[in-house]
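In what follows, a single structure is set out as structure tokens and then discussed.
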Amino acid sequence: AVDARHDGHVPAVTARDAACDGAFVFAVATTGIYCRPSCGARRPTRANVRFFADGEEARAAGYRACRRCTPDAELADAARRAAWIASAC
């Protein structure tokens with residue numbers, strides 16, 4: 001069943017809206033992969049899409065990160081930057 005609570009995310013995924021990157025990730029049930037909204041991969045059938053708040057939630061549901069858009073890379077970079085700043089202070 002399609003979850004109507006996330007219908008607002010569908011236009012962002014369809015338009016590959018980079019402004020929504022970091023706000024949520026979407027996963028495709030048939031491939032077992034989750035992506036950023038801006039991922040350049042082929043758009044999935046809506047019935048196969050699930051939305052999650054972040055990659056951690058998607059991984060907990062059994063999905064793996066997309067190798068094309070690397071949805072967790074931005075978070076890893078931010079964590080590294082925060083650790084570097086904390087060590088400098």
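A note on labels: chains of the structure tokens are A, B, ... as shown, every chain counts residues from 1, and ligands are counted from 1 in their shown order.
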
(message) When you look at Val49 (chain A) with a cut-off of 9 Å (counting only C-alpha atoms), what residues show up, excluding the ones that are within fewer than 4 positions of it in the same chain? I need them as a list of chain:residue names.
(response) A:Val2, A:Phe26, A:Ala27, A:Val28, A:Ala29, A:Thr30, A:Pro44, A:Thr45

Generate a file of the selected residues that holds N, CA and C atoms, formatted as a compact mmCIF listing (two decimals), in the first residue's frame.
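Printed below is result_12.txt as written:
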```txt
# COMPACT_ATOMS: atom_id res chain seq x y z
N VAL A 2 0.44 2.25 -0.69
CA VAL A 2 1.17 3.52 -0.77
C VAL A 2 0.80 4.36 0.45
N PHE A 26 14.54 8.41 -0.04
CA PHE A 26 13.50 7.50 -0.51
C PHE A 26 14.15 6.18 -0.87
N ALA A 27 13.41 5.10 -0.65
CA ALA A 27 13.91 3.76 -0.93
C ALA A 27 13.00 3.09 -1.93
N VAL A 28 13.57 2.17 -2.70
CA VAL A 28 12.82 1.44 -3.71
C VAL A 28 12.76 -0.03 -3.29
N ALA A 29 11.56 -0.51 -3.05
CA ALA A 29 11.38 -1.87 -2.53
C ALA A 29 11.93 -2.94 -3.49
N THR A 30 11.81 -2.72 -4.78
CA THR A 30 12.23 -3.74 -5.75
C THR A 30 13.74 -3.84 -5.90
N PRO A 44 11.58 5.47 -9.92
CA PRO A 44 10.86 4.22 -9.69
C PRO A 44 9.35 4.38 -9.80
N THR A 45 8.67 3.27 -9.90
CA THR A 45 7.20 3.26 -9.85
C THR A 45 6.79 3.67 -8.44
```

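Computed from the coordinates, the CA of Gly55 (chain A) to CA of Pro71 (chain A) distance equals 7.1 Å.
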
(request) Skip Arg67 (chain A) itself and residues of its chain fewer than 4 positions away, then list as a list in words all residues within 10 Å of it, counting only C-alpha atoms. (result) Ile33, Tyr34, Cys35 and Pro71 of chain A

Do you know which residues are at most 8 Å from region 10-21 of chain A counting only C-alpha atoms, after dropping those on the same chain fewer than 6 positions away, and could you put them as a PDB file with N, CA, C and O atoms, in the first residue's frame?
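Saved as out-v7.pdb:
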```pdb
ATOM      1  N   ARG A  36      19.037   9.909  -2.317  1.00  0.00           N
ATOM      2  CA  ARG A  36      18.677  11.312  -2.072  1.00  0.00           C
ATOM      3  C   ARG A  36      17.553  11.678  -3.043  1.00  0.00           C
ATOM      4  O   ARG A  36      17.459  11.087  -4.121  1.00  0.00           O
ATOM      5  N   PRO A  37      16.761  12.692  -2.731  1.00  0.00           N
ATOM      6  CA  PRO A  37      15.733  13.125  -3.689  1.00  0.00           C
ATOM      7  C   PRO A  37      16.312  13.547  -5.042  1.00  0.00           C
ATOM      8  O   PRO A  37      15.670  13.391  -6.073  1.00  0.00           O
ATOM      9  N   SER A  38      17.543  14.051  -5.060  1.00  0.00           N
ATOM     10  CA  SER A  38      18.136  14.551  -6.298  1.00  0.00           C
ATOM     11  C   SER A  38      18.868  13.486  -7.114  1.00  0.00           C
ATOM     12  O   SER A  38      19.459  13.806  -8.140  1.00  0.00           O
ATOM     13  N   CYS A  39      18.832  12.235  -6.698  1.00  0.00           N
ATOM     14  CA  CYS A  39      19.579  11.181  -7.392  1.00  0.00           C
ATOM     15  C   CYS A  39      19.216  11.125  -8.876  1.00  0.00           C
ATOM     16  O   CYS A  39      18.052  11.229  -9.251  1.00  0.00           O
ATOM     17  N   GLY A  40      20.217  10.926  -9.697  1.00  0.00           N
ATOM     18  CA  GLY A  40      20.015  10.884 -11.142  1.00  0.00           C
ATOM     19  C   GLY A  40      19.551   9.539 -11.674  1.00  0.00           C
ATOM     20  O   GLY A  40      19.358   9.390 -12.879  1.00  0.00           O
ATOM     21  N   ARG A  43      13.672   7.043 -12.282  1.00  0.00           N
ATOM     22  CA  ARG A  43      12.591   7.208 -11.307  1.00  0.00           C
ATOM     23  C   ARG A  43      11.824   5.896 -11.157  1.00  0.00           C
ATOM     24  O   ARG A  43      11.438   5.275 -12.147  1.00  0.00           O
TER      25      ARG A  43
END
```

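Here CA of Glu56 (chain A) is placed at a distance of 28.2 Å from CA of Ala88 (chain A).
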
(request) Pull the helix (DSSP H, G or I) assignments for chain A out of DSSP run on the backbone, and list those residues as a PyMOL selection string. (result) chain A and resi 4-14+18-20+46-48+55-60+73-88

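Taking CA of Arg64 (chain A) and CA of His9 (chain A) as endpoints, the distance between them is 19.8 Å.
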
(request) Would you list, as a ChimeraX atom specification, the residues of chain A that end up in strand (DSSP E) under DSSP run on this structure's backbone? (result) /A:25-28,33-35,49-52,64-65
